Amino acid sequence: MSDKILVVSIPRLEPHRPPISAAIVATVCENHGHQVEAVDLNIKFYHYCKDQEINYYSFDSVWDKYRLPTQQELDFVDNFIIKFQTDYNLSSYKYIMLSVFGMSNHFFADRLLAKIGPNRPFKILVGGSGAFTSIKGNTLESFVGYFKRVNLIDDYIKGECEETLPLYLDGLNGKGINNLDPAQIENLDTLPLLDYKHFDLDAYDYIEKVRDIYIEGSRGCVRKCTYCDVASFWPKYRFRSGEHIAREIIHNYEYHGVQKFYFTDSLVNGSLKSFSNMCEILTNYQFADQIKWGGQFIFRNKKTVSPEHFEMISKAGGGTFYVGIETGSDRIRQEMGKNFTNDDIEYQLEQFQKNKLHCTFLMFPGYVTETLQDHQETLAMLPRWKKYVASGTINGLELGQPLLILEETPLSRMIDTYKIKFVDSQEIAINGLWRSEINPDLDFVERVKRQLEIYEHAAEHKWPIWRFTSRVIALKNLLESFYSIQDVSPGYKTIMMKTL
């Protein structure tokens with residue numbers, strides 16, 4: 001007799017697509033012979049908020065831990081969880097599998113586990129990258145470490161689940177099962193074709209009002225950017241064949257009417273061979289004109305990609321790509337580990353424009369060695385390429401907050417080299433509040449000023465700014481955190497806060 005399993009995805013996630021992690025878990029469990037249901041509590045919470053005339057996005061600052069929730073918000077979330085318990089007879093399942101995507105899931109997971117964890121008749125299994133980040137401000141204890149210690153979860157899986165989850169369900173142990181030594185799957189073509197049949201595909205807030213899902217073509221990254229922690233989760237870069245990816249796209253189009261696909265890959269074109277093969281198959285598919293896809297894309301040295309390469313992408317349904325430009329300074333980009341220049345960017349923008357492809361620039365200010373001259377080069381980039389904004393080739397600028405020094409990144413291992421010191425709050429380092437003794441002019445307030453100047457210049461030259469409101473609110477909250485633990489002039493603090 002097969003076990004009954006409930007796979008649960010929780011806030012906060014984007015409400016624009018069903019969750020890929022829960023879809024993977026549900027597919028693996030079903031293929032292993034179990035009865036599976038999956039519930040996306042994030043999209044249910046989105047509609048619950050709409051029904052109660054509450055702004056779903058007003059919880060962002062709670063999910064991101066920039067402020068404590070009000071009692072009214074706590075009651076609202078708790079009532080939603082009670083409704084979930086009422087709608088689903090949890091005691092009828094042998095396993096509740098909880099997907100914790102990132103740190104912004106911690107608040108909801110905490111409230112959920114407090115209600116369903118005690119005296120449970122089922123096992124709670126947790127996975128996801130957010131399950132292994134620190135919990136409750138304690139940098140020494142992970143999410144799973146804390147909740148296992150207080151007996152609100154039973155087990156966890158770290159890393160890829162396609163091979164370890166069947167072992168777990170068979171009562172066996174292995175790499176990544178209740179240990180921090182995950183295994184990596186070498187041949188990704190052995191993965192099952194992903195199917196989102198467990199989710200209500202009509203429930204999502206699709207940006208372009210057509211069904212839109214996540215797809216995964218690779219794991220890991222061909223780059224080792226100094227500020228990025230992808231390698232800590234996937235040390236080795238692996239990719240599916242172009243044929244395998246194309247089959248999954250075609251399957252979801254034909255069986256579920258999905259017309260848009262967003263690659264979760266660090267780089268959709270990390271393997272040029274696989275990428276080109278996928279494009280060739282999609283180009284020859286009879287309904288190619290009905291399918292669009294995009295994802296994070298790397299600009300390469302212009303000598304390595306011909307004009308025909310971009311023609312191929314366009315014919316295969318390529319649409320909008322998100323490119324980590326990061327800065328307008330070639331020097332800083334090289335130090336980050338990005339091996340392309342402004343000249344390479346110019347060439348690829350020309351090719352995008354010729355082939356009606358679109359890109360969004362992903363950037364952040366204040367890299368640890370950034371000088372004022374480097375910053376001026378970033379500002380100069382905005383008028384230089386506004387012609388591509390005017391043509392629609394560049395469809396937006398997304399500016400992350402000033403440099404965060406994340407755990408398990410190359411940069412975190414260069415703290416002594418750069419003589420980096422953190423501004424501490426109750427002995428807990430906030431990874432965005434740092435200073436470098438080798439570049440003392442680039443303190444936190446200066447990094448905020450540079451971000452505001454980039455916004456100002458972008459607006460002046462008509463660049464669309466993505467997530468402006470949420471990004472500025474996050475910046476304001478971070479600045480308030482800084483001022484709460486730093487002795488600064490009240491007048492200076494007032495000026496900066498009014499600016500934001």
# chains A, B, ... in the order shown; residues from 1 in each chain; ligands from 1
$ residues_around --residues "Glu243 in chain A" --least-positions-apart "4" --cutoff "12 Å" --atoms "only C-alpha atoms" --output "PDB file with N, CA and C atoms, in the first residue's frame"
ATOM      1  N   LEU A 188      21.804  14.798 -15.786  1.00  0.00           N
ATOM      2  CA  LEU A 188      20.491  15.405 -15.568  1.00  0.00           C
ATOM      3  C   LEU A 188      19.450  14.919 -16.568  1.00  0.00           C
ATOM      4  N   ASP A 189      19.874  14.231 -17.612  1.00  0.00           N
ATOM      5  CA  ASP A 189      18.892  13.663 -18.536  1.00  0.00           C
ATOM      6  C   ASP A 189      18.158  12.470 -17.930  1.00  0.00           C
ATOM      7  N   LEU A 193      10.592  14.215 -16.758  1.00  0.00           N
ATOM      8  CA  LEU A 193      10.042  15.448 -17.308  1.00  0.00           C
ATOM      9  C   LEU A 193       9.095  16.044 -16.274  1.00  0.00           C
ATOM     10  N   GLY A 217      17.052  23.875 -16.817  1.00  0.00           N
ATOM     11  CA  GLY A 217      17.904  23.255 -17.818  1.00  0.00           C
ATOM     12  C   GLY A 217      19.273  22.872 -17.295  1.00  0.00           C
ATOM     13  N   PHE A 239      24.272  20.090 -16.872  1.00  0.00           N
ATOM     14  CA  PHE A 239      23.178  20.565 -17.707  1.00  0.00           C
ATOM     15  C   PHE A 239      22.485  19.408 -18.417  1.00  0.00           C
ATOM     16  N   ARG A 247      11.849  18.661 -25.087  1.00  0.00           N
ATOM     17  CA  ARG A 247      10.741  17.726 -24.886  1.00  0.00           C
ATOM     18  C   ARG A 247       9.845  18.166 -23.734  1.00  0.00           C
ATOM     19  N   GLU A 248      10.470  18.685 -22.660  1.00  0.00           N
ATOM     20  CA  GLU A 248       9.679  19.134 -21.513  1.00  0.00           C
ATOM     21  C   GLU A 248       8.847  20.361 -21.864  1.00  0.00           C
ATOM     22  N   ILE A 249       9.422  21.275 -22.630  1.00  0.00           N
ATOM     23  CA  ILE A 249       8.678  22.457 -23.067  1.00  0.00           C
ATOM     24  C   ILE A 249       7.490  22.051 -23.925  1.00  0.00           C
ATOM     25  N   ILE A 250       7.733  21.186 -24.891  1.00  0.00           N
ATOM     26  CA  ILE A 250       6.677  20.754 -25.803  1.00  0.00           C
ATOM     27  C   ILE A 250       5.591  19.982 -25.051  1.00  0.00           C
ATOM     28  N   LYS A 273      26.437  24.427 -26.314  1.00  0.00           N
ATOM     29  CA  LYS A 273      26.063  23.254 -27.102  1.00  0.00           C
ATOM     30  C   LYS A 273      24.623  22.848 -26.807  1.00  0.00           C
ATOM     31  N   SER A 274      24.300  22.684 -25.528  1.00  0.00           N
ATOM     32  CA  SER A 274      22.951  22.283 -25.145  1.00  0.00           C
ATOM     33  C   SER A 274      21.944  23.365 -25.525  1.00  0.00           C
ATOM     34  N   PHE A 275      22.289  24.607 -25.275  1.00  0.00           N
ATOM     35  CA  PHE A 275      21.414  25.733 -25.575  1.00  0.00           C
ATOM     36  C   PHE A 275      21.087  25.783 -27.072  1.00  0.00           C
ATOM     37  N   SER A 276      22.099  25.630 -27.899  1.00  0.00           N
ATOM     38  CA  SER A 276      21.904  25.685 -29.351  1.00  0.00           C
ATOM     39  C   SER A 276      21.061  24.516 -29.830  1.00  0.00           C
ATOM     40  N   ASN A 277      21.284  23.327 -29.250  1.00  0.00           N
ATOM     41  CA  ASN A 277      20.506  22.150 -29.625  1.00  0.00           C
ATOM     42  C   ASN A 277      19.029  22.330 -29.281  1.00  0.00           C
ATOM     43  N   MET A 278      18.744  22.884 -28.095  1.00  0.00           N
ATOM     44  CA  MET A 278      17.367  23.164 -27.702  1.00  0.00           C
ATOM     45  C   MET A 278      16.720  24.135 -28.689  1.00  0.00           C
ATOM     46  N   CYS A 279      17.433  25.200 -29.024  1.00  0.00           N
ATOM     47  CA  CYS A 279      16.897  26.198 -29.952  1.00  0.00           C
ATOM     48  C   CYS A 279      16.584  25.580 -31.315  1.00  0.00           C
ATOM     49  N   GLU A 280      17.465  24.701 -31.795  1.00  0.00           N
ATOM     50  CA  GLU A 280      17.260  24.075 -33.099  1.00  0.00           C
ATOM     51  C   GLU A 280      15.985  23.228 -33.107  1.00  0.00           C
ATOM     52  N   ILE A 281      15.764  22.460 -32.032  1.00  0.00           N
ATOM     53  CA  ILE A 281      14.573  21.604 -31.955  1.00  0.00           C
ATOM     54  C   ILE A 281      13.316  22.455 -31.880  1.00  0.00           C
ATOM     55  N   LEU A 282      13.339  23.499 -31.042  1.00  0.00           N
ATOM     56  CA  LEU A 282      12.162  24.359 -30.899  1.00  0.00           C
ATOM     57  C   LEU A 282      11.859  25.111 -32.190  1.00  0.00           C
ATOM     58  N   TYR A 285       9.797  22.959 -34.363  1.00  0.00           N
ATOM     59  CA  TYR A 285       8.518  22.488 -33.826  1.00  0.00           C
ATOM     60  C   TYR A 285       7.371  23.235 -34.513  1.00  0.00           C
TER      61      TYR A 285
END
$ select_by_dssp --residues "range 325-413 of chain A" --states "strand (DSSP E or B)" --output "MDAnalysis selection string"
chainID A and resid 325:326 358:363 394:399
$ write_last_selection --atoms "all heavy atoms" --output "mmCIF file, in the first residue's frame"
data_model
loop_
_atom_site.group_PDB
_atom_site.id
_atom_site.type_symbol
_atom_site.label_atom_id
_atom_site.label_comp_id
_atom_site.auth_asym_id
_atom_site.auth_seq_id
_atom_site.Cartn_x
_atom_site.Cartn_y
_atom_site.Cartn_z
ATOM 1 N N ILE A 325 24.673 42.549 -15.521
ATOM 2 C CA ILE A 325 25.642 43.559 -15.934
ATOM 3 C C ILE A 325 26.440 44.041 -14.719
ATOM 4 O O ILE A 325 27.650 44.270 -14.780
ATOM 5 C CB ILE A 325 24.936 44.754 -16.608
ATOM 6 C CG1 ILE A 325 24.155 44.295 -17.837
ATOM 7 C CG2 ILE A 325 25.926 45.851 -16.961
ATOM 8 C CD1 ILE A 325 25.005 43.716 -18.934
ATOM 9 N N GLU A 326 25.737 44.230 -13.606
ATOM 10 C CA GLU A 326 26.252 44.588 -12.280
ATOM 11 C C GLU A 326 26.788 46.013 -12.178
ATOM 12 O O GLU A 326 26.501 46.728 -11.228
ATOM 13 C CB GLU A 326 27.335 43.601 -11.794
ATOM 14 C CG GLU A 326 27.045 42.134 -12.041
ATOM 15 C CD GLU A 326 25.707 41.638 -11.524
ATOM 16 O OE1 GLU A 326 24.932 42.392 -10.918
ATOM 17 O OE2 GLU A 326 25.404 40.464 -11.782
ATOM 18 N N HIS A 358 14.844 40.893 -25.999
ATOM 19 C CA HIS A 358 14.786 41.903 -24.952
ATOM 20 C C HIS A 358 15.640 41.475 -23.764
ATOM 21 O O HIS A 358 15.818 40.286 -23.508
ATOM 22 C CB HIS A 358 13.339 42.116 -24.499
ATOM 23 C CG HIS A 358 12.396 42.352 -25.629
ATOM 24 N ND1 HIS A 358 12.292 43.556 -26.276
ATOM 25 C CD2 HIS A 358 11.538 41.505 -26.261
ATOM 26 C CE1 HIS A 358 11.399 43.454 -27.247
ATOM 27 N NE2 HIS A 358 10.923 42.226 -27.258
ATOM 28 N N CYS A 359 16.142 42.447 -23.028
ATOM 29 C CA CYS A 359 16.920 42.123 -21.833
ATOM 30 C C CYS A 359 16.635 43.115 -20.722
ATOM 31 O O CYS A 359 16.303 44.279 -20.961
ATOM 32 C CB CYS A 359 18.415 42.070 -22.137
ATOM 33 S SG CYS A 359 19.147 43.641 -22.607
ATOM 34 N N THR A 360 16.738 42.610 -19.519
ATOM 35 C CA THR A 360 16.657 43.424 -18.311
ATOM 36 C C THR A 360 18.037 43.433 -17.672
ATOM 37 O O THR A 360 18.650 42.371 -17.490
ATOM 38 C CB THR A 360 15.634 42.829 -17.322
ATOM 39 O OG1 THR A 360 14.356 42.790 -17.949
ATOM 40 C CG2 THR A 360 15.556 43.660 -16.052
ATOM 41 N N PHE A 361 18.524 44.603 -17.344
ATOM 42 C CA PHE A 361 19.833 44.736 -16.697
ATOM 43 C C PHE A 361 19.680 44.493 -15.201
ATOM 44 O O PHE A 361 18.868 45.147 -14.538
ATOM 45 C CB PHE A 361 20.407 46.133 -16.921
ATOM 46 C CG PHE A 361 21.144 46.314 -18.215
ATOM 47 C CD1 PHE A 361 20.861 45.542 -19.316
ATOM 48 C CD2 PHE A 361 22.128 47.291 -18.338
ATOM 49 C CE1 PHE A 361 21.539 45.706 -20.518
ATOM 50 C CE2 PHE A 361 22.822 47.471 -19.520
ATOM 51 C CZ PHE A 361 22.523 46.672 -20.618
ATOM 52 N N LEU A 362 20.461 43.559 -14.658
ATOM 53 C CA LEU A 362 20.542 43.332 -13.218
ATOM 54 C C LEU A 362 21.835 43.965 -12.716
ATOM 55 O O LEU A 362 22.913 43.663 -13.230
ATOM 56 C CB LEU A 362 20.533 41.827 -12.907
ATOM 57 C CG LEU A 362 19.388 41.013 -13.518
ATOM 58 C CD1 LEU A 362 19.535 39.538 -13.149
ATOM 59 C CD2 LEU A 362 18.041 41.542 -13.075
ATOM 60 N N MET A 363 21.734 44.835 -11.721
ATOM 61 C CA MET A 363 22.905 45.566 -11.252
ATOM 62 C C MET A 363 22.834 45.772 -9.748
ATOM 63 O O MET A 363 21.779 45.636 -9.126
ATOM 64 C CB MET A 363 23.000 46.933 -11.953
ATOM 65 C CG MET A 363 23.108 46.849 -13.463
ATOM 66 S SD MET A 363 23.109 48.483 -14.238
ATOM 67 C CE MET A 363 24.619 49.165 -13.538
ATOM 68 N N ILE A 394 16.286 47.065 -24.278
ATOM 69 C CA ILE A 394 16.430 47.043 -22.815
ATOM 70 C C ILE A 394 15.067 47.399 -22.247
ATOM 71 O O ILE A 394 14.585 48.521 -22.444
ATOM 72 C CB ILE A 394 17.502 48.034 -22.328
ATOM 73 C CG1 ILE A 394 18.876 47.680 -22.896
ATOM 74 C CG2 ILE A 394 17.555 48.043 -20.801
ATOM 75 C CD1 ILE A 394 19.966 48.689 -22.549
ATOM 76 N N ASN A 395 14.436 46.452 -21.581
ATOM 77 C CA ASN A 395 13.081 46.714 -21.078
ATOM 78 C C ASN A 395 13.033 47.016 -19.589
ATOM 79 O O ASN A 395 11.950 47.188 -19.029
ATOM 80 C CB ASN A 395 12.146 45.560 -21.415
ATOM 81 C CG ASN A 395 12.538 44.260 -20.734
ATOM 82 O OD1 ASN A 395 13.424 44.224 -19.881
ATOM 83 N ND2 ASN A 395 11.887 43.165 -21.121
ATOM 84 N N GLY A 396 14.191 47.096 -18.957
ATOM 85 C CA GLY A 396 14.157 47.440 -17.542
ATOM 86 C C GLY A 396 15.521 47.358 -16.880
ATOM 87 O O GLY A 396 16.459 46.736 -17.404
ATOM 88 N N LEU A 397 15.610 48.006 -15.748
ATOM 89 C CA LEU A 397 16.783 47.964 -14.875
ATOM 90 C C LEU A 397 16.311 47.503 -13.510
ATOM 91 O O LEU A 397 15.397 48.094 -12.928
ATOM 92 C CB LEU A 397 17.410 49.362 -14.766
ATOM 93 C CG LEU A 397 18.426 49.577 -13.637
ATOM 94 C CD1 LEU A 397 19.674 48.746 -13.874
ATOM 95 C CD2 LEU A 397 18.785 51.059 -13.512
ATOM 96 N N GLU A 398 16.877 46.407 -13.034
ATOM 97 C CA GLU A 398 16.583 45.975 -11.670
ATOM 98 C C GLU A 398 17.832 46.153 -10.835
ATOM 99 O O GLU A 398 18.862 45.531 -11.102
ATOM 100 C CB GLU A 398 16.109 44.527 -11.611
ATOM 101 C CG GLU A 398 15.748 44.130 -10.188
ATOM 102 C CD GLU A 398 14.901 42.882 -10.097
ATOM 103 O OE1 GLU A 398 14.650 42.243 -11.129
ATOM 104 O OE2 GLU A 398 14.500 42.543 -8.964
ATOM 105 N N LEU A 399 17.726 47.018 -9.851
ATOM 106 C CA LEU A 399 18.877 47.389 -9.034
ATOM 107 C C LEU A 399 18.720 46.774 -7.654
ATOM 108 O O LEU A 399 17.851 47.181 -6.876
ATOM 109 C CB LEU A 399 18.960 48.913 -8.952
ATOM 110 C CG LEU A 399 20.279 49.537 -8.520
ATOM 111 C CD1 LEU A 399 21.396 49.184 -9.481
ATOM 112 C CD2 LEU A 399 20.134 51.057 -8.439
#
$ residues_around --residues "range 75-88 of chain A" --least-positions-apart "5" --cutoff "9 Å" --atoms "only C-alpha atoms" --output "NGL selection string"
:A and (41 or 45 or 48 or 70 or 108 or 111-112 or 115-116)
$ write_last_selection --atoms "all heavy atoms" --output "PDB file, in the first residue's frame"
ATOM      1  N   LEU A  41       0.617  27.047  -0.841  1.00  0.00           N
ATOM      2  CA  LEU A  41       0.033  27.969   0.133  1.00  0.00           C
ATOM      3  C   LEU A  41       0.364  29.418  -0.193  1.00  0.00           C
ATOM      4  O   LEU A  41      -0.327  30.324   0.277  1.00  0.00           O
ATOM      5  CB  LEU A  41       0.515  27.619   1.548  1.00  0.00           C
ATOM      6  CG  LEU A  41      -0.063  26.338   2.151  1.00  0.00           C
ATOM      7  CD1 LEU A  41       0.393  26.185   3.596  1.00  0.00           C
ATOM      8  CD2 LEU A  41      -1.586  26.322   2.061  1.00  0.00           C
ATOM      9  N   PHE A  45      -2.495  32.043  -0.219  1.00  0.00           N
ATOM     10  CA  PHE A  45      -2.411  33.221   0.638  1.00  0.00           C
ATOM     11  C   PHE A  45      -2.642  34.492  -0.186  1.00  0.00           C
ATOM     12  O   PHE A  45      -3.278  35.440   0.279  1.00  0.00           O
ATOM     13  CB  PHE A  45      -1.049  33.274   1.331  1.00  0.00           C
ATOM     14  CG  PHE A  45      -0.915  34.374   2.347  1.00  0.00           C
ATOM     15  CD1 PHE A  45      -1.564  34.289   3.564  1.00  0.00           C
ATOM     16  CD2 PHE A  45      -0.137  35.503   2.091  1.00  0.00           C
ATOM     17  CE1 PHE A  45      -1.446  35.305   4.517  1.00  0.00           C
ATOM     18  CE2 PHE A  45      -0.010  36.507   3.021  1.00  0.00           C
ATOM     19  CZ  PHE A  45      -0.672  36.408   4.240  1.00  0.00           C
ATOM     20  N   TYR A  48      -6.285  34.667  -0.612  1.00  0.00           N
ATOM     21  CA  TYR A  48      -6.873  34.926   0.708  1.00  0.00           C
ATOM     22  C   TYR A  48      -6.777  36.416   1.038  1.00  0.00           C
ATOM     23  O   TYR A  48      -7.727  37.024   1.535  1.00  0.00           O
ATOM     24  CB  TYR A  48      -6.139  34.085   1.745  1.00  0.00           C
ATOM     25  CG  TYR A  48      -6.698  34.137   3.148  1.00  0.00           C
ATOM     26  CD1 TYR A  48      -7.876  33.480   3.475  1.00  0.00           C
ATOM     27  CD2 TYR A  48      -6.013  34.804   4.159  1.00  0.00           C
ATOM     28  CE1 TYR A  48      -8.374  33.505   4.774  1.00  0.00           C
ATOM     29  CE2 TYR A  48      -6.496  34.836   5.459  1.00  0.00           C
ATOM     30  CZ  TYR A  48      -7.679  34.180   5.763  1.00  0.00           C
ATOM     31  OH  TYR A  48      -8.165  34.198   7.048  1.00  0.00           O
ATOM     32  N   THR A  70       2.580  43.152  13.018  1.00  0.00           N
ATOM     33  CA  THR A  70       1.617  43.637  13.999  1.00  0.00           C
ATOM     34  C   THR A  70       0.806  42.449  14.518  1.00  0.00           C
ATOM     35  O   THR A  70       0.795  41.371  13.916  1.00  0.00           O
ATOM     36  CB  THR A  70       0.666  44.652  13.369  1.00  0.00           C
ATOM     37  OG1 THR A  70      -0.119  43.983  12.346  1.00  0.00           O
ATOM     38  CG2 THR A  70       1.445  45.806  12.726  1.00  0.00           C
ATOM     39  N   PHE A 108       6.761  32.453   7.819  1.00  0.00           N
ATOM     40  CA  PHE A 108       5.556  31.642   7.649  1.00  0.00           C
ATOM     41  C   PHE A 108       5.805  30.215   8.125  1.00  0.00           C
ATOM     42  O   PHE A 108       4.939  29.609   8.774  1.00  0.00           O
ATOM     43  CB  PHE A 108       5.114  31.643   6.187  1.00  0.00           C
ATOM     44  CG  PHE A 108       3.780  30.985   5.973  1.00  0.00           C
ATOM     45  CD1 PHE A 108       2.613  31.729   6.010  1.00  0.00           C
ATOM     46  CD2 PHE A 108       3.687  29.616   5.770  1.00  0.00           C
ATOM     47  CE1 PHE A 108       1.380  31.119   5.834  1.00  0.00           C
ATOM     48  CE2 PHE A 108       2.464  28.993   5.600  1.00  0.00           C
ATOM     49  CZ  PHE A 108       1.302  29.750   5.628  1.00  0.00           C
ATOM     50  N   ARG A 111       5.414  29.963  11.854  1.00  0.00           N
ATOM     51  CA  ARG A 111       4.019  29.959  12.317  1.00  0.00           C
ATOM     52  C   ARG A 111       3.332  28.629  11.967  1.00  0.00           C
ATOM     53  O   ARG A 111       2.564  28.078  12.764  1.00  0.00           O
ATOM     54  CB  ARG A 111       3.237  31.103  11.670  1.00  0.00           C
ATOM     55  CG  ARG A 111       3.842  32.479  11.813  1.00  0.00           C
ATOM     56  CD  ARG A 111       3.980  32.945  13.241  1.00  0.00           C
ATOM     57  NE  ARG A 111       2.716  33.145  13.922  1.00  0.00           N
ATOM     58  CZ  ARG A 111       2.612  33.647  15.158  1.00  0.00           C
ATOM     59  NH1 ARG A 111       3.718  33.983  15.820  1.00  0.00           N
ATOM     60  NH2 ARG A 111       1.439  33.814  15.726  1.00  0.00           N
ATOM     61  N   LEU A 112       3.629  28.104  10.776  1.00  0.00           N
ATOM     62  CA  LEU A 112       3.008  26.861  10.338  1.00  0.00           C
ATOM     63  C   LEU A 112       3.440  25.685  11.209  1.00  0.00           C
ATOM     64  O   LEU A 112       2.601  24.905  11.686  1.00  0.00           O
ATOM     65  CB  LEU A 112       3.376  26.601   8.870  1.00  0.00           C
ATOM     66  CG  LEU A 112       2.876  25.289   8.265  1.00  0.00           C
ATOM     67  CD1 LEU A 112       1.351  25.293   8.172  1.00  0.00           C
ATOM     68  CD2 LEU A 112       3.495  25.070   6.884  1.00  0.00           C
ATOM     69  N   LYS A 115       1.994  25.292  14.621  1.00  0.00           N
ATOM     70  CA  LYS A 115       0.616  24.817  14.703  1.00  0.00           C
ATOM     71  C   LYS A 115       0.473  23.335  14.331  1.00  0.00           C
ATOM     72  O   LYS A 115      -0.331  22.623  14.927  1.00  0.00           O
ATOM     73  CB  LYS A 115      -0.288  25.673  13.813  1.00  0.00           C
ATOM     74  CG  LYS A 115      -0.489  27.089  14.334  1.00  0.00           C
ATOM     75  CD  LYS A 115      -1.667  27.775  13.685  1.00  0.00           C
ATOM     76  CE  LYS A 115      -1.911  29.148  14.300  1.00  0.00           C
ATOM     77  NZ  LYS A 115      -2.218  29.067  15.747  1.00  0.00           N
ATOM     78  N   ILE A 116       1.232  22.887  13.325  1.00  0.00           N
ATOM     79  CA  ILE A 116       1.033  21.499  12.879  1.00  0.00           C
ATOM     80  C   ILE A 116       2.067  20.532  13.439  1.00  0.00           C
ATOM     81  O   ILE A 116       1.881  19.315  13.372  1.00  0.00           O
ATOM     82  CB  ILE A 116       1.027  21.401  11.336  1.00  0.00           C
ATOM     83  CG1 ILE A 116       2.435  21.621  10.755  1.00  0.00           C
ATOM     84  CG2 ILE A 116       0.034  22.387  10.730  1.00  0.00           C
ATOM     85  CD1 ILE A 116       2.541  21.322   9.271  1.00  0.00           C
TER      86      ILE A 116
END
$ closest_residue --among "A:Gly174, A:Gly257, A:Pro15, A:Pro121" --to "Ile96 in chain A" --atoms "only C-alpha atoms"
A:Pro121
$ select_by_dssp --residues "range 269-452 of chain A" --states "helix (DSSP H, G or I)" --output "NGL selection string"
:A and (272-283 or 288-290 or 302-304 or 307-315 or 330-336 or 342-354 or 372-384 or 386-390 or 411-414 or 444-452)
$ residues_around --residues "Ser142 in chain A" --least-positions-apart "2" --cutoff "6 Å" --atoms "only C-alpha atoms" --output "ChimeraX atom specification"
/A:132-135,144-145
$ atom_distance --atom1 "CA of His457 in chain A" --atom2 "CA of Thr393 in chain A"
18.7 Å
$ residues_around --residues "Gln296 in chain A" --least-positions-apart "4" --cutoff "6 Å" --atoms "only C-alpha atoms" --output "PyMOL selection string"
chain A and resi 267-268+321-323
$ residues_around --residues "Lys421 in chain A" --least-positions-apart "5" --cutoff "9 Å" --atoms "only C-alpha atoms" --output "PyMOL selection string"
chain A and resi 415-416+433-437
$ closest_residue --among "A:Arg413, A:His461, A:His34, A:Arg331" --to "Ala380 in chain A" --atoms "only C-alpha atoms"
A:His461
$ closest_residue --among "A:Ala316, A:Met381, A:Ile291, A:Val28" --to "Glu254 in chain A" --atoms "only C-alpha atoms"
A:Ile291
$ residues_around --residues "Thr304 in chain A" --least-positions-apart "6" --cutoff "12 Å" --atoms "only C-alpha atoms" --output "PyMOL selection string"
chain A and resi 272+310+340+344+347-348
$ decode --residues "range 442-452 of chain A" --atoms "N, CA, C and O atoms" --output "PDB file, in the first residue's frame"
ATOM      1  N   LEU A 442      34.071  54.159   0.875  1.00  0.00           N
ATOM      2  CA  LEU A 442      32.868  53.442   0.469  1.00  0.00           C
ATOM      3  C   LEU A 442      32.175  52.858   1.702  1.00  0.00           C
ATOM      4  O   LEU A 442      32.036  51.643   1.853  1.00  0.00           O
ATOM      5  N   ASP A 443      31.718  53.726   2.594  1.00  0.00           N
ATOM      6  CA  ASP A 443      30.987  53.220   3.753  1.00  0.00           C
ATOM      7  C   ASP A 443      29.534  52.955   3.352  1.00  0.00           C
ATOM      8  O   ASP A 443      29.128  53.170   2.210  1.00  0.00           O
ATOM      9  N   PHE A 444      28.737  52.489   4.291  1.00  0.00           N
ATOM     10  CA  PHE A 444      27.379  52.091   3.945  1.00  0.00           C
ATOM     11  C   PHE A 444      26.557  53.257   3.422  1.00  0.00           C
ATOM     12  O   PHE A 444      25.819  53.119   2.429  1.00  0.00           O
ATOM     13  N   VAL A 445      26.646  54.386   4.064  1.00  0.00           N
ATOM     14  CA  VAL A 445      25.869  55.548   3.621  1.00  0.00           C
ATOM     15  C   VAL A 445      26.286  55.964   2.213  1.00  0.00           C
ATOM     16  O   VAL A 445      25.443  56.314   1.379  1.00  0.00           O
ATOM     17  N   GLU A 446      27.575  55.889   1.899  1.00  0.00           N
ATOM     18  CA  GLU A 446      28.039  56.219   0.547  1.00  0.00           C
ATOM     19  C   GLU A 446      27.470  55.225  -0.473  1.00  0.00           C
ATOM     20  O   GLU A 446      27.099  55.620  -1.587  1.00  0.00           O
ATOM     21  N   ARG A 447      27.357  53.964  -0.092  1.00  0.00           N
ATOM     22  CA  ARG A 447      26.790  52.980  -1.018  1.00  0.00           C
ATOM     23  C   ARG A 447      25.317  53.281  -1.289  1.00  0.00           C
ATOM     24  O   ARG A 447      24.834  53.139  -2.418  1.00  0.00           O
ATOM     25  N   VAL A 448      24.601  53.703  -0.259  1.00  0.00           N
ATOM     26  CA  VAL A 448      23.196  54.088  -0.447  1.00  0.00           C
ATOM     27  C   VAL A 448      23.101  55.311  -1.361  1.00  0.00           C
ATOM     28  O   VAL A 448      22.257  55.359  -2.267  1.00  0.00           O
ATOM     29  N   LYS A 449      23.958  56.296  -1.148  1.00  0.00           N
ATOM     30  CA  LYS A 449      23.956  57.493  -1.990  1.00  0.00           C
ATOM     31  C   LYS A 449      24.198  57.129  -3.453  1.00  0.00           C
ATOM     32  O   LYS A 449      23.545  57.660  -4.359  1.00  0.00           O
ATOM     33  N   ARG A 450      25.115  56.215  -3.695  1.00  0.00           N
ATOM     34  CA  ARG A 450      25.399  55.816  -5.076  1.00  0.00           C
ATOM     35  C   ARG A 450      24.206  55.103  -5.707  1.00  0.00           C
ATOM     36  O   ARG A 450      23.921  55.286  -6.893  1.00  0.00           O
ATOM     37  N   GLN A 451      23.506  54.307  -4.903  1.00  0.00           N
ATOM     38  CA  GLN A 451      22.321  53.649  -5.449  1.00  0.00           C
ATOM     39  C   GLN A 451      21.267  54.686  -5.819  1.00  0.00           C
ATOM     40  O   GLN A 451      20.639  54.596  -6.888  1.00  0.00           O
ATOM     41  N   LEU A 452      21.070  55.672  -4.972  1.00  0.00           N
ATOM     42  CA  LEU A 452      20.089  56.718  -5.257  1.00  0.00           C
ATOM     43  C   LEU A 452      20.485  57.521  -6.495  1.00  0.00           C
ATOM     44  O   LEU A 452      19.619  57.913  -7.298  1.00  0.00           O
TER      45      LEU A 452
END
